[in-house]
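Novice: Enclosed is the structure file query12.json (JSON, C-alpha atoms).
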[["chain", "number", "residue", "atom", "x", "y", "z"],
["A", 1, "MET", "CA", 0.00, 0.00, 0.00],
["A", 2, "VAL", "CA", 2.90, 2.36, 0.68],
["A", 3, "ILE", "CA", 4.35, 1.71, -2.78],
["A", 4, "PHE", "CA", 0.92, 2.05, -4.42],
["A", 5, "THR", "CA", 0.25, 5.32, -2.58],
["A", 6, "ALA", "CA", 3.69, 6.80, -3.33],
["A", 7, "PHE", "CA", 3.93, 5.90, -7.01],
["A", 8, "TYR", "CA", 0.30, 5.70, -8.19],
["A", 9, "LEU", "CA", -2.30, 7.19, -5.87],
["A", 10, "TRP", "CA", -0.53, 10.40, -4.79],
["A", 11, "PRO", "CA", 0.65, 11.36, -8.33],
["A", 12, "ALA", "CA", -2.91, 10.83, -9.59],
["A", 13, "VAL", "CA", -4.38, 12.97, -6.79],
["A", 14, "GLN", "CA", -1.70, 15.62, -7.34],
["A", 15, "THR", "CA", -2.50, 15.71, -11.06],
["A", 16, "VAL", "CA", -6.20, 16.22, -10.43],
["A", 17, "LEU", "CA", -5.50, 18.94, -7.85],
["A", 18, "SER", "CA", -3.14, 20.79, -10.21],
["A", 19, "SER", "CA", -5.96, 21.13, -12.73],
["A", 20, "PHE", "CA", -7.65, 23.63, -10.38],
["A", 21, "PHE", "CA", -4.70, 26.07, -10.53],
["A", 22, "ARG", "CA", -3.01, 28.28, -13.11],
["A", 23, "TRP", "CA", 0.63, 27.39, -13.63],
["A", 24, "SER", "CA", 3.28, 26.87, -16.30],
["A", 25, "LEU", "CA", 6.01, 24.28, -16.77],
["A", 26, "LEU", "CA", 8.66, 26.89, -16.02],
["A", 27, "ARG", "CA", 6.89, 27.74, -12.75],
["A", 28, "PRO", "CA", 5.06, 24.53, -11.81],
["A", 29, "TRP", "CA", 2.37, 24.18, -9.19],
["A", 30, "GLN", "CA", 3.66, 22.58, -6.00],
["A", 31, "PRO", "CA", 1.25, 21.50, -3.25],
["A", 32, "GLN", "CA", 3.78, 22.24, -0.49],
["A", 33, "ASP", "CA", 4.62, 25.75, -1.79],
["A", 34, "ARG", "CA", 1.71, 28.16, -1.41],
["A", 35, "THR", "CA", 3.55, 30.84, -3.42],
["A", 36, "THR", "CA", 2.86, 28.74, -6.54],
["A", 37, "TRP", "CA", -0.88, 28.61, -5.88],
["A", 38, "ASP", "CA", -2.92, 30.62, -8.37],
["A", 39, "TYR", "CA", -6.34, 29.13, -7.72],
["A", 40, "ALA", "CA", -8.63, 28.91, -10.76],
["A", 41, "GLY", "CA", -11.33, 26.59, -9.47],
["A", 42, "LEU", "CA", -13.31, 25.11, -12.34],
["A", 43, "GLU", "CA", -12.16, 27.81, -14.75],
["A", 44, "ASN", "CA", -9.71, 25.48, -16.52],
["A", 45, "TYR", "CA", -12.49, 22.94, -17.11],
["A", 46, "ARG", "CA", -14.94, 25.65, -18.18],
["A", 47, "GLN", "CA", -12.43, 27.10, -20.63],
["A", 48, "THR", "CA", -11.57, 23.65, -21.95],
["A", 49, "LEU", "CA", -15.19, 22.60, -22.47],
["A", 50, "ASN", "CA", -15.98, 25.92, -24.20],
["A", 51, "ASP", "CA", -12.99, 25.63, -26.53],
["A", 52, "ALA", "CA", -13.84, 24.66, -30.13],
["A", 53, "SER", "CA", -10.38, 23.07, -30.48],
["A", 54, "PHE", "CA", -11.19, 20.71, -27.60],
["A", 55, "TRP", "CA", -14.42, 19.49, -29.20],
["A", 56, "ASN", "CA", -12.70, 19.12, -32.58],
["A", 57, "ALA", "CA", -10.03, 17.00, -30.90],
["A", 58, "ALA", "CA", -12.75, 15.08, -29.05],
["A", 59, "ILE", "CA", -14.52, 14.24, -32.34],
["A", 60, "ASN", "CA", -11.25, 13.08, -33.90],
["A", 61, "SER", "CA", -10.51, 10.98, -30.80],
["A", 62, "LEU", "CA", -14.03, 9.55, -31.04],
["A", 63, "ILE", "CA", -13.25, 8.47, -34.62],
["A", 64, "TRP", "CA", -10.21, 6.66, -33.22],
["A", 65, "LEU", "CA", -12.33, 5.12, -30.46],
["A", 66, "VAL", "CA", -14.83, 3.71, -32.95],
["A", 67, "VAL", "CA", -12.72, 2.75, -35.96],
["A", 68, "PHE", "CA", -9.48, 1.57, -34.37],
["A", 69, "PRO", "CA", -10.85, -1.00, -31.84],
["A", 70, "LEU", "CA", -13.31, -2.44, -34.38],
["A", 71, "LEU", "CA", -10.58, -2.70, -37.02],
["A", 72, "VAL", "CA", -8.04, -4.28, -34.66],
["A", 73, "THR", "CA", -10.49, -6.71, -33.06],
["A", 74, "GLY", "CA", -12.20, -7.78, -36.29],
["A", 75, "VAL", "CA", -9.06, -8.29, -38.37],
["A", 76, "SER", "CA", -7.17, -9.92, -35.49],
["A", 77, "VAL", "CA", -9.93, -12.49, -35.00],
["A", 78, "LEU", "CA", -9.98, -13.28, -38.72],
["A", 79, "VAL", "CA", -6.18, -13.58, -38.96],
["A", 80, "ALA", "CA", -5.94, -15.69, -35.80],
["A", 81, "ILE", "CA", -8.60, -18.11, -37.07],
["A", 82, "LEU", "CA", -6.86, -18.40, -40.44],
["A", 83, "ILE", "CA", -3.51, -19.05, -38.73],
["A", 84, "TRP", "CA", -5.12, -21.62, -36.43],
["A", 85, "HIS", "CA", -6.75, -23.32, -39.43],
["A", 86, "THR", "CA", -3.56, -23.31, -41.52],
["A", 87, "ARG", "CA", -1.37, -24.79, -38.76],
["A", 88, "ARG", "CA", 1.51, -25.68, -41.09],
["A", 89, "TRP", "CA", 2.67, -22.10, -41.67],
["A", 90, "GLY", "CA", 1.14, -20.70, -38.49],
["A", 91, "ALA", "CA", 4.46, -19.71, -36.90],
["A", 92, "VAL", "CA", 5.53, -17.84, -40.05],
["A", 93, "PHE", "CA", 2.24, -15.93, -40.33],
["A", 94, "ARG", "CA", 2.27, -15.05, -36.62],
["A", 95, "THR", "CA", 5.78, -13.67, -36.99],
["A", 96, "VAL", "CA", 4.73, -11.51, -39.93],
["A", 97, "PHE", "CA", 1.95, -9.90, -37.94],
["A", 98, "VAL", "CA", 3.92, -9.59, -34.69],
["A", 99, "LEU", "CA", 7.01, -7.98, -36.28],
["A", 100, "PRO", "CA", 5.45, -4.47, -36.56],
["A", 101, "MET", "CA", 5.01, -4.51, -32.77],
["A", 102, "THR", "CA", 8.81, -4.49, -32.38],
["A", 103, "ILE", "CA", 9.13, -0.94, -33.72],
["A", 104, "SER", "CA", 7.89, 2.23, -32.06],
["A", 105, "LEU", "CA", 4.81, 4.04, -33.30],
["A", 106, "ALA", "CA", 6.98, 7.03, -34.15],
["A", 107, "ALA", "CA", 9.01, 4.81, -36.49],
["A", 108, "ALA", "CA", 5.81, 3.35, -37.93],
["A", 109, "GLY", "CA", 4.61, 6.89, -38.61],
["A", 110, "VAL", "CA", 7.82, 7.70, -40.49],
["A", 111, "ILE", "CA", 7.53, 4.52, -42.58],
["A", 112, "TRP", "CA", 3.92, 5.23, -43.53],
["A", 113, "SER", "CA", 4.71, 8.87, -44.27],
["A", 114, "PHE", "CA", 6.92, 7.58, -47.06],
["A", 115, "ILE", "CA", 4.17, 5.20, -48.20],
["A", 116, "TYR", "CA", 1.67, 8.09, -48.33],
["A", 117, "ASN", "CA", 4.09, 10.47, -50.06],
["A", 118, "PRO", "CA", 2.24, 12.21, -52.94],
["A", 119, "ASP", "CA", 5.24, 11.76, -55.26],
["A", 120, "PRO", "CA", 4.75, 8.38, -57.02],
["A", 121, "ASP", "CA", 8.52, 8.01, -57.25],
["A", 122, "ILE", "CA", 8.60, 7.88, -53.43],
["A", 123, "GLY", "CA", 5.10, 7.00, -52.27],
["A", 124, "VAL", "CA", 4.36, 3.31, -52.82],
["A", 125, "LEU", "CA", 0.60, 3.70, -52.44],
["A", 126, "ASN", "CA", 0.23, 6.39, -55.10],
["A", 127, "ALA", "CA", 2.54, 4.49, -57.44],
["A", 128, "VAL", "CA", 0.36, 1.37, -57.14],
["A", 129, "LEU", "CA", -2.87, 3.34, -57.65],
["A", 130, "GLN", "CA", -1.45, 5.00, -60.75],
["A", 131, "ALA", "CA", -0.31, 1.66, -62.13],
["A", 132, "VAL", "CA", -3.83, 0.20, -61.86],
["A", 133, "HIS", "CA", -5.48, 3.49, -62.93],
["A", 134, "LEU", "CA", -7.36, 4.01, -59.66],
["A", 135, "ASP", "CA", -5.94, 7.42, -58.84],
["A", 136, "GLY", "CA", -8.20, 10.45, -58.88],
["A", 137, "GLN", "CA", -11.42, 11.31, -57.09],
["A", 138, "LEU", "CA", -14.26, 9.02, -56.02],
["A", 139, "ASP", "CA", -17.70, 10.38, -55.10],
["A", 140, "LEU", "CA", -19.97, 7.65, -53.81],
["A", 141, "GLY", "CA", -22.97, 9.13, -52.04],
["A", 142, "PRO", "CA", -21.76, 10.70, -48.78],
["A", 143, "LEU", "CA", -18.22, 9.41, -49.39],
["A", 144, "HIS", "CA", -15.83, 11.78, -51.16],
["A", 145, "LEU", "CA", -12.37, 10.23, -51.57],
["A", 146, "ARG", "CA", -9.34, 11.91, -53.13],
["A", 147, "THR", "CA", -6.24, 9.85, -53.76],
["A", 148, "GLY", "CA", -2.78, 11.34, -53.69],
["A", 149, "GLN", "CA", -2.81, 13.81, -50.79],
["A", 150, "TRP", "CA", -3.44, 11.21, -48.10],
["A", 151, "LEU", "CA", -2.08, 13.30, -45.23],
["A", 152, "ALA", "CA", -3.45, 16.62, -46.48],
["A", 153, "ASP", "CA", -6.80, 16.29, -48.23],
["A", 154, "ALA", "CA", -7.98, 12.69, -48.51],
["A", 155, "GLY", "CA", -11.64, 13.70, -48.70],
["A", 156, "HIS", "CA", -14.43, 13.25, -46.20],
["A", 157, "LEU", "CA", -17.47, 11.22, -45.24],
["A", 158, "ASP", "CA", -20.57, 13.39, -44.93],
["A", 159, "LEU", "CA", -22.85, 12.22, -42.11],
["A", 160, "GLY", "CA", -25.23, 15.16, -42.35],
["A", 161, "PHE", "CA", -24.64, 16.53, -38.84],
["A", 162, "THR", "CA", -20.85, 16.36, -39.21],
["A", 163, "GLN", "CA", -18.05, 15.34, -41.57],
["A", 164, "ILE", "CA", -15.45, 12.67, -40.89],
["A", 165, "ARG", "CA", -12.18, 13.75, -42.46],
["A", 166, "LEU", "CA", -10.59, 10.73, -44.09],
["A", 167, "VAL", "CA", -7.09, 11.90, -43.22],
["A", 168, "ASN", "CA", -7.86, 10.50, -39.74],
["A", 169, "ILE", "CA", -8.48, 7.08, -41.30],
["A", 170, "ALA", "CA", -5.17, 7.43, -43.15],
["A", 171, "ILE", "CA", -3.41, 7.73, -39.77],
["A", 172, "ILE", "CA", -5.45, 4.99, -38.09],
["A", 173, "ILE", "CA", -4.33, 2.44, -40.70],
["A", 174, "PRO", "CA", -0.59, 2.63, -39.75],
["A", 175, "ALA", "CA", -1.50, 2.42, -36.06],
["A", 176, "PHE", "CA", -3.67, -0.60, -36.83],
["A", 177, "TRP", "CA", -0.79, -2.16, -38.79],
["A", 178, "ALA", "CA", 1.50, -1.73, -35.78],
["A", 179, "PHE", "CA", -0.99, -2.90, -33.13],
["A", 180, "THR", "CA", -2.72, -5.84, -34.83],
["A", 181, "GLY", "CA", 0.00, -8.24, -33.70],
["A", 182, "PHE", "CA", -1.20, -7.84, -30.11],
["A", 183, "GLY", "CA", -4.69, -8.99, -31.08],
["A", 184, "VAL", "CA", -3.35, -11.86, -33.19],
["A", 185, "VAL", "CA", -1.20, -13.14, -30.30],
["A", 186, "THR", "CA", -4.10, -12.78, -27.83],
["A", 187, "PHE", "CA", -6.60, -14.64, -30.02],
["A", 188, "THR", "CA", -4.05, -17.30, -31.00],
["A", 189, "ALA", "CA", -3.46, -17.98, -27.31],
["A", 190, "GLY", "CA", -7.22, -18.29, -26.83],
["A", 191, "LEU", "CA", -7.54, -20.71, -29.73],
["A", 192, "SER", "CA", -4.73, -22.87, -28.32],
["A", 193, "SER", "CA", -7.00, -23.71, -25.37],
["A", 194, "LEU", "CA", -9.91, -24.71, -27.61],
["A", 195, "PRO", "CA", -10.66, -28.44, -27.01],
["A", 196, "GLY", "CA", -9.74, -30.44, -30.10],
["A", 197, "ASP", "CA", -12.35, -33.10, -29.30],
["A", 198, "LEU", "CA", -15.09, -30.49, -29.54],
["A", 199, "ILE", "CA", -13.95, -29.40, -33.00],
["A", 200, "ASP", "CA", -13.64, -33.01, -34.20],
["A", 201, "SER", "CA", -17.11, -33.85, -32.90],
["A", 202, "ALA", "CA", -18.62, -30.84, -34.64],
["A", 203, "ARG", "CA", -16.97, -31.78, -37.94],
["A", 204, "VAL", "CA", -18.14, -35.39, -37.64],
["A", 205, "ASP", "CA", -21.68, -34.11, -37.07],
["A", 206, "GLY", "CA", -21.44, -32.21, -40.37],
["A", 207, "CYS", "CA", -20.84, -28.72, -38.97],
["A", 208, "ARG", "CA", -19.72, -26.37, -41.74],
["A", 209, "ALA", "CA", -16.82, -23.95, -41.38],
["A", 210, "TRP", "CA", -19.03, -20.88, -40.90],
["A", 211, "HIS", "CA", -21.14, -22.55, -38.21],
["A", 212, "LEU", "CA", -17.97, -23.84, -36.55],
["A", 213, "VAL", "CA", -16.66, -20.29, -36.29],
["A", 214, "ARG", "CA", -19.99, -18.77, -35.25],
["A", 215, "HIS", "CA", -21.14, -21.27, -32.63],
["A", 216, "ILE", "CA", -17.87, -22.66, -31.21],
["A", 217, "ILE", "CA", -14.82, -20.52, -31.95],
["A", 218, "LEU", "CA", -16.23, -17.01, -31.44],
["A", 219, "PRO", "CA", -17.98, -17.85, -28.11],
["A", 220, "HIS", "CA", -14.71, -19.38, -26.92],
["A", 221, "LEU", "CA", -12.86, -16.15, -27.81],
["A", 222, "ARG", "CA", -15.22, -13.87, -25.88],
["A", 223, "ARG", "CA", -12.76, -13.06, -23.10],
["A", 224, "PRO", "CA", -9.73, -12.48, -25.41],
["A", 225, "MET", "CA", -12.04, -10.32, -27.52],
["A", 226, "MET", "CA", -12.90, -8.18, -24.51],
["A", 227, "VAL", "CA", -9.23, -7.80, -23.56],
["A", 228, "THR", "CA", -8.23, -6.80, -27.11],
["A", 229, "PHE", "CA", -11.13, -4.38, -27.47],
["A", 230, "VAL", "CA", -10.46, -2.62, -24.14],
["A", 231, "MET", "CA", -6.72, -2.35, -24.81],
["A", 232, "SER", "CA", -7.48, -0.94, -28.27],
["A", 233, "VAL", "CA", -9.81, 1.65, -26.74],
["A", 234, "ILE", "CA", -7.14, 2.72, -24.24],
["A", 235, "PHE", "CA", -4.54, 2.89, -27.01],
["A", 236, "ALA", "CA", -6.86, 4.89, -29.27],
["A", 237, "LEU", "CA", -7.77, 7.49, -26.64],
["A", 238, "ARG", "CA", -4.19, 8.22, -25.57],
["A", 239, "THR", "CA", -2.60, 8.03, -29.04],
["A", 240, "PHE", "CA", -0.10, 10.82, -29.60],
["A", 241, "ASP", "CA", 3.21, 9.87, -31.18],
["A", 242, "ILE", "CA", 2.04, 8.57, -34.56],
["A", 243, "VAL", "CA", -0.24, 11.60, -35.07],
["A", 244, "TYR", "CA", 2.55, 13.99, -34.11],
["A", 245, "VAL", "CA", 5.05, 12.34, -36.45],
["A", 246, "MET", "CA", 2.73, 12.12, -39.46],
["A", 247, "THR", "CA", 0.69, 15.36, -39.35],
["A", 248, "GLN", "CA", 1.29, 17.21, -36.05],
["A", 249, "GLY", "CA", -2.48, 17.58, -35.88],
["A", 250, "GLY", "CA", -2.82, 19.13, -39.33],
["A", 251, "PRO", "CA", -3.77, 20.14, -41.87],
["A", 252, "GLY", "CA", -5.19, 22.87, -39.67],
["A", 253, "GLU", "CA", -6.67, 20.81, -36.83],
["A", 254, "ASP", "CA", -8.14, 18.03, -38.97],
["A", 255, "THR", "CA", -6.20, 15.29, -37.15],
["A", 256, "MET", "CA", -5.84, 16.92, -33.73],
["A", 257, "VAL", "CA", -6.56, 14.43, -30.93],
["A", 258, "LEU", "CA", -6.95, 15.01, -27.21],
["A", 259, "ALA", "CA", -3.48, 13.77, -26.22],
["A", 260, "LEU", "CA", -1.83, 16.04, -28.80],
["A", 261, "LEU", "CA", -3.99, 18.98, -27.69],
["A", 262, "SER", "CA", -2.92, 18.42, -24.09],
["A", 263, "TRP", "CA", 0.73, 18.35, -25.15],
["A", 264, "GLN", "CA", 0.33, 21.59, -27.08],
["A", 265, "GLN", "CA", -1.30, 23.33, -24.14],
["A", 266, "ALA", "CA", 1.56, 22.27, -21.85],
["A", 267, "PHE", "CA", 4.63, 22.65, -24.07],
["A", 268, "ALA", "CA", 3.76, 25.18, -26.77],
["A", 269, "PHE", "CA", 3.37, 27.99, -24.22],
["A", 270, "LEU", "CA", 6.12, 27.37, -21.67],
["A", 271, "THR", "CA", 6.04, 30.87, -20.21],
["A", 272, "ARG", "CA", 2.24, 31.18, -20.08],
["A", 273, "PRO", "CA", 0.14, 29.57, -17.30],
["A", 274, "ARG", "CA", -1.65, 27.10, -19.56],
["A", 275, "ALA", "CA", -0.40, 23.85, -18.01],
["A", 276, "GLY", "CA", -3.55, 23.71, -15.89],
["A", 277, "LEU", "CA", -5.58, 23.60, -19.12],
["A", 278, "ALA", "CA", -3.42, 20.70, -20.35],
["A", 279, "VAL", "CA", -4.01, 18.83, -17.10],
["A", 280, "SER", "CA", -7.76, 19.40, -17.33],
["A", 281, "VAL", "CA", -7.72, 17.75, -20.77],
["A", 282, "ALA", "CA", -5.73, 14.83, -19.32],
["A", 283, "VAL", "CA", -8.18, 14.45, -16.41],
["A", 284, "LEU", "CA", -11.15, 14.41, -18.80],
["A", 285, "MET", "CA", -9.34, 11.77, -20.91],
["A", 286, "SER", "CA", -8.70, 9.66, -17.82],
["A", 287, "ALA", "CA", -12.37, 9.87, -16.87],
["A", 288, "ALA", "CA", -13.32, 8.67, -20.35],
["A", 289, "LEU", "CA", -10.84, 5.78, -20.06],
["A", 290, "ILE", "CA", -12.40, 4.72, -16.77],
["A", 291, "VAL", "CA", -15.87, 4.76, -18.34],
["A", 292, "PHE", "CA", -14.76, 2.64, -21.30],
["A", 293, "ALA", "CA", -12.70, 0.23, -19.18],
["A", 294, "TYR", "CA", -15.35, -0.22, -16.47],
["A", 295, "PRO", "CA", -17.19, -3.16, -18.13],
["A", 296, "TYR", "CA", -13.92, -5.09, -18.49],
["A", 297, "LEU", "CA", -12.82, -4.33, -14.92],
["A", 298, "LYS", "CA", -16.24, -5.33, -13.59],
["A", 299, "SER", "CA", -16.17, -8.68, -15.41],
["A", 300, "MET", "CA", -12.59, -9.32, -14.25],
["A", 301, "LEU", "CA", -13.54, -8.67, -10.61],
["A", 302, "ARG", "CA", -16.50, -11.03, -10.96],
["A", 303, "ARG", "CA", -14.20, -13.81, -12.21],
["A", 304, "GLU", "CA", -11.81, -13.25, -9.28],
["A", 305, "ALA", "CA", -14.73, -13.31, -6.84],
["A", 306, "ARG", "CA", -15.73, -16.76, -8.10]]
Translate this structure into structure tokens?

Specialist:
Amino acid sequence: MVIFTAFYLWPAVQTVLSSFFRWSLLRPWQPQDRTTWDYAGLENYRQTLNDASFWNAAINSLIWLVVFPLLVTGVSVLVAILIWHTRRWGAVFRTVFVLPMTISLAAAGVIWSFIYNPDPDIGVLNAVLQAVHLDGQLDLGPLHLRTGQWLADAGHLDLGFTQIRLVNIAIIIPAFWAFTGFGVVTFTAGLSSLPGDLIDSARVDGCRAWHLVRHIILPHLRRPMMVTFVMSVIFALRTFDIVYVMTQGGPGEDTMVLALLSWQQAFAFLTRPRAGLAVSVAVLMSAALIVFAYPYLKSMLRREAR
């Protein structure tokens, strides 16, 4: 309890308390030094919640929260089942998907920046699209896609009440590429505990592949699916490095996310007392993480209670 209080509980409490004061990184707020106290109350939260940049970053983070976990969980399940079914080359395929996890997200962002480069002599994606004559503009109902400027103007998806800028999807794909290995390893471990006798009995009874996946494999992977989904949600909400490396929140604020906004508030104005605003963004992010992680934590505590 002493270690937990010193290294986890007190820093968390101190962070929340600092959000109620005005301070800068060059003159930080210190709870034991009253000369650093410039009490703001809820002003930092009021200013944050009334800031259009915050809500723009919140919408972009929401796109990450929806697209990234679904993409990682869905593709990881499919890949893990295919690897489990193949068996012979399973180790090779697992290695291929796990390898991107060995590099940092900043490095992944640099790699994919080259892939997205608008110059077809450098950018692999544009070179491939030009070779198959798929470059240009695609207008399909609410979807407006422009190839070429993937990190500048990739188009948008019009939902009526708002527009989803596709440049966010262009950044989510590299993050998905780097994180999918975690899901593949998690689901492969879950499939390794699947009773072989159950699968053999189902096949003898004439169970087709789709029914085998739907009624036996997917129910067995429910817990690994929950773990992968929750970890993907946490990763998506606190993502920073790959966005900073690829676009720095641009063009304009089209790809600005909450973690990057918090960093800008804290470090872009070192001499101005805006660190309290950055902390308020971080506290709101933490509250959202707790809300999203609560179902998983509740189910885990129930299993331990049994």

Novice: Just give me the gap between atom CA of A:Ile216 and atom CA of A:Asp197 in Å, one decimal is fine.

Specialist: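 So the two atoms, atom CA of A:Ile216 and atom CA of A:Asp197, lie 12.0 Å apart.
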
Novice: Compare A:Phe4, A:Phe176, A:Phe182, A:Trp112 by their minimum atom-to-atom distance to A:Leu151, counting all atoms listed in the file, and give me the closest one.

Specialist: A:Trp112

Novice: Mind listing as a PyMOL selection string all residues within 12 Å of (-4.6, -9.9, -28.7), counting only C-alpha atoms?

Specialist: chain A and resi 69+72-80+94+97-98+101+179-191+221-232

Novice: Would you pick out the contacts of stretch 152-156 of chain A at 9 Å or less, using all atoms listed in the file, so that residues sharing its chain but fewer than 3 positions from it are not included, and give the list as an mmCIF file with C-alpha atoms, in the frame of the given file?

Specialist:
data_model
loop_
_atom_site.group_PDB
_atom_site.id
_atom_site.type_symbol
_atom_site.label_atom_id
_atom_site.label_comp_id
_atom_site.auth_asym_id
_atom_site.auth_seq_id
_atom_site.Cartn_x
_atom_site.Cartn_y
_atom_site.Cartn_z
ATOM 1 C CA GLN A 137 -11.420 11.310 -57.090
ATOM 2 C CA PRO A 142 -21.760 10.700 -48.780
ATOM 3 C CA LEU A 143 -18.220 9.410 -49.390
ATOM 4 C CA HIS A 144 -15.830 11.780 -51.160
ATOM 5 C CA LEU A 145 -12.370 10.230 -51.570
ATOM 6 C CA ARG A 146 -9.340 11.910 -53.130
ATOM 7 C CA THR A 147 -6.240 9.850 -53.760
ATOM 8 C CA GLY A 148 -2.780 11.340 -53.690
ATOM 9 C CA GLN A 149 -2.810 13.810 -50.790
ATOM 10 C CA GLN A 163 -18.050 15.340 -41.570
ATOM 11 C CA ILE A 164 -15.450 12.670 -40.890
ATOM 12 C CA ARG A 165 -12.180 13.750 -42.460
ATOM 13 C CA LEU A 166 -10.590 10.730 -44.090
ATOM 14 C CA VAL A 167 -7.090 11.900 -43.220
ATOM 15 C CA ALA A 170 -5.170 7.430 -43.150
ATOM 16 C CA THR A 247 0.690 15.360 -39.350
ATOM 17 C CA GLY A 250 -2.820 19.130 -39.330
ATOM 18 C CA PRO A 251 -3.770 20.140 -41.870
ATOM 19 C CA ASP A 254 -8.140 18.030 -38.970
#

Novice: Near A:Ala58, counting all atoms listed in the file, which residues have an atom at most 7 Å away, once you skip same-chain residues fewer than 4 positions from it, shown as a list in words?

Specialist: Phe54, Leu62, Val257 and Leu258 of chain A

Novice: What separation in Å, quoted to one decimal, exists between atom CA of A:Gln14 and atom CA of A:Ala275?

Specialist: 13.5 Å

Novice: What gap, in Å, lies between atom CA of A:Arg87 and atom CA of A:Thr102?

Specialist: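 Computed distance, atom CA of A:Arg87 to atom CA of A:Thr102, equals 23.6 Å.
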
Novice: May I ask which of the residues A:Leu71, A:Ile111, A:Val2, A:Ile122 is the closest one to A:Met246, counting all atoms listed in the file?

Specialist: A:Ile111

Novice: Can you work out which one of A:Trp29, A:Phe235, A:Tyr39, A:Trp177 has the shortest atom-to-atom distance to A:Ser61, counting all atoms listed in the file?

Specialist: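 Nearest candidate to A:Ser61 out of A:Trp29, A:Phe235, A:Tyr39, A:Trp177: A:Phe235.
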
Novice: List the spatial neighbours of A:Tyr116 as a tab-separated table (two decimals) with C-alpha atoms, keeping the file's coordinate frame - criterion: any atom at most 7 Å away, all atoms listed in the file, same-chain residues fewer than 4 positions off excluded.

Specialist:
chain	number	residue	atom	x	y	z
A	112	TRP	CA	3.92	5.23	-43.53
A	123	GLY	CA	5.10	7.00	-52.27
A	125	LEU	CA	0.60	3.70	-52.44
A	150	TRP	CA	-3.44	11.21	-48.10

Novice: Could you list, as a ChimeraX atom specification, every residue within 8 Å of A:Val279, counting only C-alpha atoms and ignoring same-chain residues fewer than 6 positions away?

Specialist: /A:15-16,18-19,262

Novice: Would you please work out which residue, of A:Val281, A:Pro11, A:Trp263, A:Gly276, is nearest to A:Trp37 when using all atoms listed in the file?

Specialist: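 Smallest separation from A:Trp37 among the options: A:Gly276.
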
Novice: Neighbouring residues of A:Leu270 were defined as those with any atom within 7 Å, considering all atoms listed in the file; residues of the same chain fewer than 6 positions away were excluded. Please report them as a list in words.

Specialist: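 Everything that qualifies: Ser24, Leu25 and Leu26 of chain A.
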